[in-house]
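**Q** Structure supplied as query15.cif; contents: mmCIF, C-alpha atoms.
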```cif
data_input
#
loop_
_atom_site.label_atom_id
_atom_site.label_comp_id
_atom_site.auth_asym_id
_atom_site.auth_seq_id
_atom_site.Cartn_x
_atom_site.Cartn_y
_atom_site.Cartn_z
CA MET A 1 117.48 69.74 -119.08
CA ASN A 2 115.90 71.45 -116.05
CA LEU A 3 113.43 73.44 -118.09
CA LYS A 4 110.20 72.29 -119.63
CA GLN A 5 109.96 72.20 -123.40
CA PRO A 6 107.00 73.98 -125.04
CA TYR A 7 105.57 70.72 -126.35
CA GLU A 8 105.77 69.29 -122.83
CA ILE A 9 103.55 72.09 -121.59
CA LEU A 10 101.11 71.23 -124.36
CA ILE A 11 101.22 67.55 -123.40
CA ALA A 12 100.55 68.46 -119.76
CA ASP A 13 97.51 70.51 -120.79
CA LYS A 14 96.20 67.68 -122.92
CA LEU A 15 96.66 65.11 -120.16
CA GLU A 16 94.58 67.24 -117.82
CA GLY A 17 91.61 66.45 -120.03
CA LEU A 18 92.34 62.77 -120.27
CA PRO A 19 89.10 60.77 -120.45
CA VAL A 20 88.49 58.78 -117.30
CA PRO A 21 86.90 55.34 -117.55
CA ASP A 22 83.82 54.76 -115.44
CA MET A 23 85.15 52.25 -112.95
CA ALA A 24 83.78 53.78 -109.78
CA ASP A 25 81.92 50.65 -108.72
CA ALA A 26 84.93 48.41 -109.23
CA ILE A 27 87.15 50.86 -107.36
CA TRP A 28 84.78 51.10 -104.39
CA ALA A 29 84.41 47.33 -104.27
CA ARG A 30 88.17 47.02 -104.17
CA ILE A 31 88.42 49.67 -101.45
CA GLU A 32 85.79 47.88 -99.38
CA LEU A 33 87.60 44.59 -99.83
CA GLU A 34 90.93 46.11 -98.79
CA LEU A 35 89.45 47.81 -95.75
CA ASP A 36 87.67 44.65 -94.63
CA ALA A 37 90.81 42.62 -95.09
CA ALA A 38 92.96 45.12 -93.21
CA PRO A 39 93.57 44.03 -89.62
CA SER A 40 92.31 46.35 -86.91
CA GLY A 41 95.73 46.72 -85.36
CA ASP A 42 97.44 47.76 -88.57
CA ALA A 43 100.79 49.38 -88.03
CA THR A 44 100.10 51.88 -90.77
CA GLU A 45 97.15 53.25 -88.88
CA PRO A 46 97.70 56.60 -87.30
CA ALA A 47 97.98 56.65 -83.59
CA ASN A 48 94.71 57.54 -81.98
CA PRO A 49 95.37 59.93 -79.10
CA LEU A 50 92.24 58.71 -77.31
CA HIS A 51 93.28 55.10 -77.50
CA ILE A 52 94.83 53.81 -74.32
CA ALA A 53 97.05 50.87 -74.92
CA THR A 54 96.52 48.22 -72.30
CA PRO A 55 99.00 45.40 -72.42
CA GLY A 56 97.42 41.97 -72.50
CA ILE A 57 93.86 43.21 -73.06
CA SER A 58 92.59 43.49 -76.58
CA ALA A 59 90.10 46.09 -77.76
CA LYS A 60 87.41 43.43 -78.03
CA THR A 61 87.89 42.38 -74.42
CA MET A 62 87.82 45.99 -73.32
CA ALA A 63 84.56 46.52 -75.20
CA LEU A 64 83.02 43.44 -73.60
CA LEU A 65 84.14 44.51 -70.14
CA GLY A 66 82.79 47.99 -70.69
CA GLY A 67 79.44 46.66 -71.87
CA GLY A 68 79.18 44.33 -68.89
CA LEU A 69 80.00 47.14 -66.49
CA LEU A 70 77.38 49.34 -68.07
CA ALA A 71 74.78 46.59 -67.80
CA LEU A 72 75.63 46.11 -64.12
CA VAL A 73 75.24 49.81 -63.39
CA VAL A 74 71.86 49.92 -65.15
CA LEU A 75 70.71 46.81 -63.28
CA PHE A 76 71.81 48.32 -59.96
CA PHE A 77 69.80 51.46 -60.57
CA ILE A 78 66.71 49.50 -61.60
CA ILE A 79 66.87 47.36 -58.46
CA LYS A 80 67.43 50.41 -56.29
CA LYS A 81 64.47 52.18 -57.83
CA ASN A 82 62.18 49.20 -57.33
CA THR A 83 63.27 48.85 -53.69
CA LYS A 84 62.57 52.49 -53.06
CA ARG A 85 59.10 52.19 -54.57
CA THR A 86 58.30 49.22 -52.35
CA GLU A 87 59.46 51.08 -49.25
CA ASP A 88 57.41 54.11 -50.18
CA LYS A 89 54.33 51.96 -50.57
CA GLU A 90 54.87 50.44 -47.15
CA LEU A 91 55.39 53.77 -45.44
CA GLN A 92 52.53 55.52 -47.14
CA PRO A 93 49.36 55.73 -44.92
CA PRO A 94 46.18 54.28 -46.34
CA THR A 95 44.43 56.82 -48.38
CA HIS A 96 40.74 57.54 -47.76
CA GLN A 97 38.64 58.00 -50.73
CA THR A 98 36.45 61.01 -50.36
CA ASP A 99 32.94 60.76 -51.53
CA THR A 100 32.18 64.09 -52.98
CA GLN A 101 28.46 63.60 -52.83
CA ASN A 102 28.28 62.47 -49.21
CA ALA A 103 31.04 64.68 -47.96
CA PRO A 104 29.95 67.61 -45.77
CA GLN A 105 29.92 70.85 -47.54
CA GLN A 106 32.93 72.87 -46.87
CA LEU A 107 32.83 76.45 -45.93
CA PRO A 108 32.91 78.80 -48.83
CA ALA A 109 36.28 80.14 -49.48
CA THR A 110 34.95 83.63 -49.81
CA VAL A 111 33.31 85.55 -47.04
CA PRO A 112 29.84 86.78 -47.87
CA ASP A 113 29.68 90.24 -49.24
CA THR A 114 27.50 91.45 -46.43
CA VAL A 115 30.36 91.28 -43.97
CA GLN A 116 32.52 94.32 -44.00
CA TYR A 117 35.87 94.44 -42.40
CA MET A 118 37.00 97.56 -40.75
CA GLN A 119 40.51 98.33 -41.50
CA PRO A 120 42.49 100.63 -39.22
CA ALA A 121 43.05 103.05 -42.04
CA THR A 122 39.35 103.34 -42.76
CA LEU A 123 38.06 103.50 -39.24
CA PRO A 124 35.11 105.82 -38.85
CA LYS A 125 34.93 108.22 -36.02
CA THR A 126 32.70 105.91 -34.12
CA VAL A 127 34.07 102.47 -33.58
CA LEU A 128 31.88 99.53 -34.30
CA LYS A 129 32.27 96.42 -32.29
CA PRO A 130 30.52 93.11 -32.47
CA ILE A 131 27.94 92.85 -29.80
CA ASP A 132 27.13 89.70 -28.03
CA SER A 133 23.69 90.08 -26.54
CA SER A 134 24.22 87.32 -24.00
CA ALA A 135 27.36 88.85 -22.58
CA SER A 136 27.25 91.64 -20.07
CA TYR A 137 30.27 93.80 -19.92
CA ILE A 138 31.17 97.36 -19.64
CA ASP A 139 32.25 98.82 -22.85
CA PRO A 140 34.70 101.60 -22.18
CA VAL A 141 34.24 102.85 -25.69
CA LEU A 142 31.50 105.21 -26.42
CA ARG A 143 29.11 103.97 -28.98
CA ASN A 144 27.19 105.86 -31.45
CA ASP A 145 23.89 104.22 -32.07
CA ASP A 146 23.68 105.76 -35.49
CA ALA A 147 26.48 103.53 -36.61
CA PHE A 148 24.32 100.49 -36.09
CA GLN A 149 21.95 101.71 -38.67
CA LEU A 150 24.50 100.97 -41.33
CA PRO A 151 23.71 97.86 -43.32
CA LEU A 152 26.26 95.77 -41.61
CA ALA A 153 25.94 92.12 -41.01
CA LEU A 154 27.92 91.39 -37.97
CA PRO A 155 29.70 88.10 -37.75
CA GLU A 156 28.45 85.52 -35.37
CA LYS A 157 29.96 85.05 -32.00
CA ASP A 158 32.00 82.03 -32.78
CA SER A 159 32.90 83.17 -36.20
CA ALA A 160 36.50 82.92 -37.15
CA VAL A 161 36.36 86.35 -38.61
CA SER A 162 38.50 88.70 -36.66
CA LEU A 163 37.86 92.37 -36.55
CA ASN A 164 40.52 94.88 -36.17
CA VAL A 165 39.09 96.99 -33.48
CA ALA A 166 41.36 99.51 -31.97
CA PRO A 167 40.50 101.51 -28.93
CA ARG A 168 39.79 105.02 -29.73
CA ILE A 169 42.66 107.27 -28.93
CA GLY A 170 41.88 110.29 -26.92
CA THR A 171 38.68 108.99 -25.42
CA SER A 172 38.22 110.56 -22.05
CA ILE A 173 36.89 108.42 -19.27
CA ASP A 174 34.64 109.95 -16.70
CA SER A 175 36.52 110.11 -13.42
CA SER A 176 33.35 109.39 -11.50
CA LEU A 177 33.34 105.97 -13.00
CA LEU A 178 36.77 105.20 -11.65
CA ILE A 179 36.77 103.19 -8.47
CA THR A 180 39.81 103.18 -6.28
CA VAL A 181 40.41 99.92 -4.56
CA PRO A 182 42.50 100.18 -1.41
CA GLY A 183 45.54 98.00 -1.70
CA LYS A 184 46.59 95.53 0.89
CA PRO A 185 49.70 96.71 2.73
CA ARG A 186 52.59 94.48 2.02
CA GLY A 187 55.44 93.67 4.39
CA ILE A 188 55.91 94.81 7.99
CA GLN A 189 55.64 98.44 8.75
CA ILE A 190 58.37 99.54 11.14
CA PRO A 191 58.08 102.94 12.74
CA ASP A 192 61.08 105.24 12.95
CA ASN A 193 61.71 104.58 16.55
CA GLY A 194 61.70 100.87 15.81
CA TYR A 195 65.16 101.06 14.30
CA LYS A 196 66.76 102.07 17.56
CA MET A 197 67.46 99.50 20.15
CA LYS A 198 67.35 100.67 23.72
CA ASN A 199 69.11 98.94 26.57
CA SER A 200 67.35 99.62 29.75
CA LYS A 201 70.07 98.12 31.80
CA ARG A 202 73.71 98.62 31.06
CA ASP A 203 74.87 95.86 33.28
CA SER A 204 72.70 93.32 31.72
CA LEU A 205 75.53 92.14 29.58
CA MET B 1 91.46 58.94 -111.51
CA SER B 2 93.03 61.05 -114.25
CA VAL B 3 96.18 61.34 -112.11
CA ALA B 4 96.38 57.58 -111.77
CA MET B 5 95.77 57.16 -115.49
CA ARG B 6 98.93 59.14 -116.28
CA TYR B 7 101.10 56.57 -114.51
CA ALA B 8 99.15 53.38 -115.18
CA ARG B 9 99.57 51.02 -118.12
CA ASP B 10 95.81 50.56 -118.51
CA GLU B 11 92.56 51.40 -116.78
CA HIS B 12 92.65 48.33 -114.51
CA ASP B 13 96.08 49.34 -113.37
CA ALA B 14 94.73 52.82 -112.67
CA ALA B 15 91.80 51.38 -110.71
CA ASP B 16 94.23 49.41 -108.55
CA ILE B 17 96.27 52.54 -107.88
CA ILE B 18 93.17 54.56 -106.98
CA SER B 19 91.70 51.93 -104.68
CA LEU B 20 94.97 51.43 -102.81
CA ALA B 21 95.39 55.19 -102.55
CA PHE B 22 91.92 55.55 -101.03
CA VAL B 23 92.60 52.77 -98.55
CA LYS B 24 95.70 54.67 -97.45
CA LEU B 25 93.64 57.85 -97.31
CA PHE B 26 91.03 56.31 -95.02
CA LYS B 27 93.67 54.87 -92.75
CA SER B 28 95.64 58.08 -92.43
CA ILE B 29 92.82 60.62 -92.55
CA ALA B 30 93.53 61.56 -88.92
CA THR B 31 97.01 62.73 -89.85
CA PHE B 32 95.75 65.24 -92.38
CA ASP B 33 96.86 68.72 -91.40
CA ASN B 34 94.81 71.47 -92.97
CA SER B 35 97.48 74.07 -92.26
CA LYS B 36 100.00 72.25 -94.47
CA GLY B 37 97.84 72.19 -97.56
CA ASN B 38 94.42 71.56 -98.98
CA PHE B 39 92.76 68.19 -99.12
CA HIS B 40 92.89 67.92 -102.90
CA GLY B 41 96.65 68.36 -102.93
CA TRP B 42 97.03 65.82 -100.16
CA LEU B 43 94.89 63.29 -102.02
CA LYS B 44 96.82 63.90 -105.25
CA ARG B 45 100.10 63.31 -103.47
CA ILE B 46 98.80 60.04 -102.03
CA VAL B 47 97.71 58.90 -105.50
CA ILE B 48 101.08 59.82 -107.03
CA ASN B 49 102.97 58.04 -104.25
CA GLU B 50 100.84 54.96 -104.74
CA ALA B 51 101.41 55.10 -108.50
CA LEU B 52 105.16 55.37 -108.01
CA THR B 53 105.08 52.43 -105.59
CA HIS B 54 103.18 50.53 -108.27
CA ILE B 55 105.78 51.39 -110.90
CA LYS B 56 108.67 50.49 -108.61
CA GLN B 57 107.17 47.03 -108.06
CA ARG B 58 107.18 46.20 -111.74
CA SER B 59 110.34 47.92 -112.91
CA ARG B 60 113.84 48.42 -111.76
CA PHE B 61 115.41 51.85 -111.78
CA SER B 62 118.88 51.35 -113.15
CA SER B 63 121.46 53.81 -112.03
CA GLN B 64 122.39 56.04 -114.95
CA GLN B 65 124.37 59.24 -114.83
CA LEU B 66 123.62 62.05 -117.23
CA ASP B 67 124.74 65.60 -116.63
CA HIS B 68 124.15 66.96 -120.11
CA ALA B 69 122.22 65.73 -123.13
CA GLU B 70 121.01 67.16 -126.38
CA GLU B 71 117.33 68.18 -126.20
CA PRO B 72 115.23 66.93 -129.11
CA ILE B 73 112.83 69.41 -130.66
CA ILE B 74 109.26 68.37 -131.34
CA ASN B 75 106.91 70.41 -133.45
CA ASN B 76 104.20 71.91 -131.26
CA ALA B 77 101.68 71.79 -134.08
CA ILE B 78 101.82 68.01 -134.16
CA VAL B 79 101.20 67.80 -130.41
CA GLU B 80 98.34 70.28 -130.64
CA ALA B 81 96.74 68.34 -133.46
CA SER B 82 96.78 65.07 -131.58
CA ASP B 83 94.28 64.30 -128.82
CA ALA B 84 95.03 63.40 -125.21
CA ALA B 85 94.45 59.69 -125.60
CA GLU B 86 96.86 59.54 -128.51
CA VAL B 87 99.59 61.37 -126.58
CA MET B 88 98.99 59.15 -123.57
CA HIS B 89 99.29 56.11 -125.75
CA PHE B 90 102.83 57.19 -126.72
CA ILE B 91 103.77 57.91 -123.11
CA LYS B 92 102.57 54.48 -121.99
CA GLN B 93 104.90 52.87 -124.51
CA LEU B 94 107.87 54.27 -122.60
CA PRO B 95 109.65 52.03 -120.10
CA PRO B 96 107.96 52.34 -116.68
CA ALA B 97 110.76 54.25 -114.98
CA THR B 98 111.18 56.62 -117.92
CA HIS B 99 107.42 57.01 -118.11
CA ALA B 100 107.25 57.97 -114.41
CA VAL B 101 110.09 60.47 -114.62
CA PHE B 102 108.62 62.10 -117.73
CA VAL B 103 105.14 62.50 -116.18
CA LEU B 104 106.57 63.75 -112.91
CA PHE B 105 108.74 66.32 -114.67
CA ALA B 106 106.59 67.41 -117.63
CA VAL B 107 103.07 67.05 -116.22
CA GLU B 108 103.31 67.35 -112.44
CA GLY B 109 106.11 69.93 -112.53
CA TYR B 110 108.48 68.18 -110.14
CA THR B 111 112.17 69.08 -110.22
CA HIS B 112 114.86 66.46 -110.75
CA LYS B 113 115.76 66.75 -107.08
CA GLU B 114 112.17 65.98 -106.03
CA ILE B 115 111.91 63.14 -108.54
CA ALA B 116 115.14 61.67 -107.25
CA LEU B 117 113.82 61.90 -103.72
CA HIS B 118 110.51 60.26 -104.58
CA LEU B 119 111.95 57.45 -106.65
CA GLY B 120 115.07 56.90 -104.60
CA ILE B 121 117.39 57.61 -107.48
CA SER B 122 120.02 60.21 -108.21
CA GLU B 123 119.31 63.46 -110.03
CA GLY B 124 121.53 62.29 -112.89
CA THR B 125 119.42 59.16 -113.32
CA SER B 126 116.29 61.29 -113.34
CA LYS B 127 117.81 63.47 -116.08
CA TRP B 128 118.82 60.43 -118.07
CA HIS B 129 115.27 59.04 -117.92
CA LEU B 130 113.88 62.38 -119.06
CA SER B 131 116.30 62.51 -121.96
CA GLU B 132 115.32 58.99 -122.95
CA ALA B 133 111.65 59.92 -122.77
CA ARG B 134 112.11 62.96 -125.01
CA LYS B 135 114.03 60.98 -127.61
CA ASN B 136 111.41 58.24 -127.68
CA LEU B 137 108.51 60.66 -127.88
CA LYS B 138 110.15 62.64 -130.70
CA GLU B 139 110.56 59.47 -132.69
CA LYS B 140 106.96 58.35 -132.11
CA ILE B 141 105.41 61.74 -132.76
CA SER B 142 107.48 62.09 -135.94
CA HIS B 143 105.95 58.83 -137.11
CA LEU B 144 102.56 60.29 -136.36
CA LYS B 145 103.37 63.30 -138.53
CA LYS B 146 104.36 61.10 -141.43
CA ALA B 147 101.17 59.08 -141.06
#
```
So, in terms of structure tokens, how does the structure I just supplied come out?
**A**
Amino acid sequence: MNLKQPYEILIADKLEGLPVPDMADAIWARIELELDAAPSGDATEPANPLHIATPGISAKTMALLGGGLLALVVLFFIIKKNTKRTEDKELQPPTHQTDTQNAPQQLPATVPDTVQYMQPATLPKTVLKPIDSSASYIDPVLRNDDAFQLPLALPEKDSAVSLNVAPRIGTSIDSSLLITVPGKPRGIQIPDNGYKMKNSKRDSL
Amino acid sequence: MSVAMRYARDEHDAADIISLAFVKLFKSIATFDNSKGNFHGWLKRIVINEALTHIKQRSRFSSQQLDHAEEPIINNAIVEASDAAEVMHFIKQLPPATHAVFVLFAVEGYTHKEIALHLGISEGTSKWHLSEARKNLKEKISHLKKA
């Protein structure tokens, strides 16, 4: 009784190939009908772990509340953004439109090629310095006039170009040119005997 | 669909079983555990359960006790010669409860203990239904041979 008969095995094999009627459309229509008719809070539904049961508040109410809250947040951000734009416009200084045709020409960004900068590493033996013809000063540095024959275009007096001119190390200065200026004595000079107080009369006290 | 057809009286009955089974499937899809078995087996079990529910609604499983019964012998050649629809036609002529027990035992491979558990009957009742199914089928298939 607990074992299958041989003909039962044959029947099982035959039933595997049982022709199936084409009723897919009817079946799907029925499924759709059943699912639409099924209430949302069906007890047979599996418990959703993400669902938080709130007593007294249905899912529809929760959805409405959530949507309203979202709309409020979006509205708040829009208002805040508009307010910020208005404040920025008020604080912003009036902009001047520059007329490119009438505007004064700006200085070229690049220094003309004729100007050569003298870097400390490439200093020649004779140091070149800009010379202002109107100024009279004593240049302690010896000059070599040959250096001025180089095709150098010296910057103008008020030019913003700065030259790295370092005094020549080891240049000896003629001692005859040095002038010693006598300094003004400072303080009161007290001779040695000035420290001692002498009482001419002992009984004067 | 072929699973539902084994338990149904006709194709409309099978369509009802399938649609209700799919509704249950959609509602309980979240409970499907891949580690317990494959999806096809799970779906087949849902369809069988729905079919058995369908059979229980239209028939009453009387309590019968049968520990031992003579087993009728059917010629395999006759079964082999007949087609699936013909065999199914004979099975559908069985009483619903007997029909269900026979398909569960002979086709699905359930034991009497499992059948008893599924149908809410005793193992003896399951055996009795199987014996009744075999006797009926032998008689019908013998008629087929004579024809």
**Q** Counting all atoms listed in the file, a student should be able to say which residues of chain B come within 8 Å of chain A; what is the right answer, written as an MDAnalysis selection string?
**A** chainID B and resid 1:2 5:6 11 15:16 18:20 22:23 27:28 30:31 68:69 71 74:76 79:80 83:85 87:88 105:108 111:112 127 131
**Q** Specify as number ranges by chain each residue included when the PyMOL selection byres ((chain B and resi 95) around 12) is applied to this file.
**A** B: 7-9, 55-56, 58-62, 90-94, 96-102, 129-130, 132-133, 136-137
**Q** Distance atom CA of Asp13 of chain B-atom CA of Leu104 of chain B, one decimal place?
**A**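 These atoms are spaced 17.8 Å apart.
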**Q** Quick one: pull the distance between atom CA of Asp10 of chain B and atom CA of Asp25 of chain A, Å, one decimal.
**A** 17.0 Å
**Q** Between atom CA of Lys24 of chain B and atom CA of Thr61 of chain A, what is the spacing in Å?
**A**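 Calculated distance between atom CA of Thr61 of chain A and atom CA of Lys24 of chain B is 27.2 Å.
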**Q** So, with only C-alpha atoms as the atoms that count, which of B:Ile141, B:Ala116, B:Val103, B:Ile46 lies closest to Glu86 of chain B?
**A** B:Ile141
**Q** Which neighbours of Val3 of chain B fall inside 8 Å, counting only C-alpha atoms, when residues of the same chain fewer than 6 positions from it are skipped, and could you give them as an MDAnalysis selection string?
**A** chainID B and resid 44 47:48
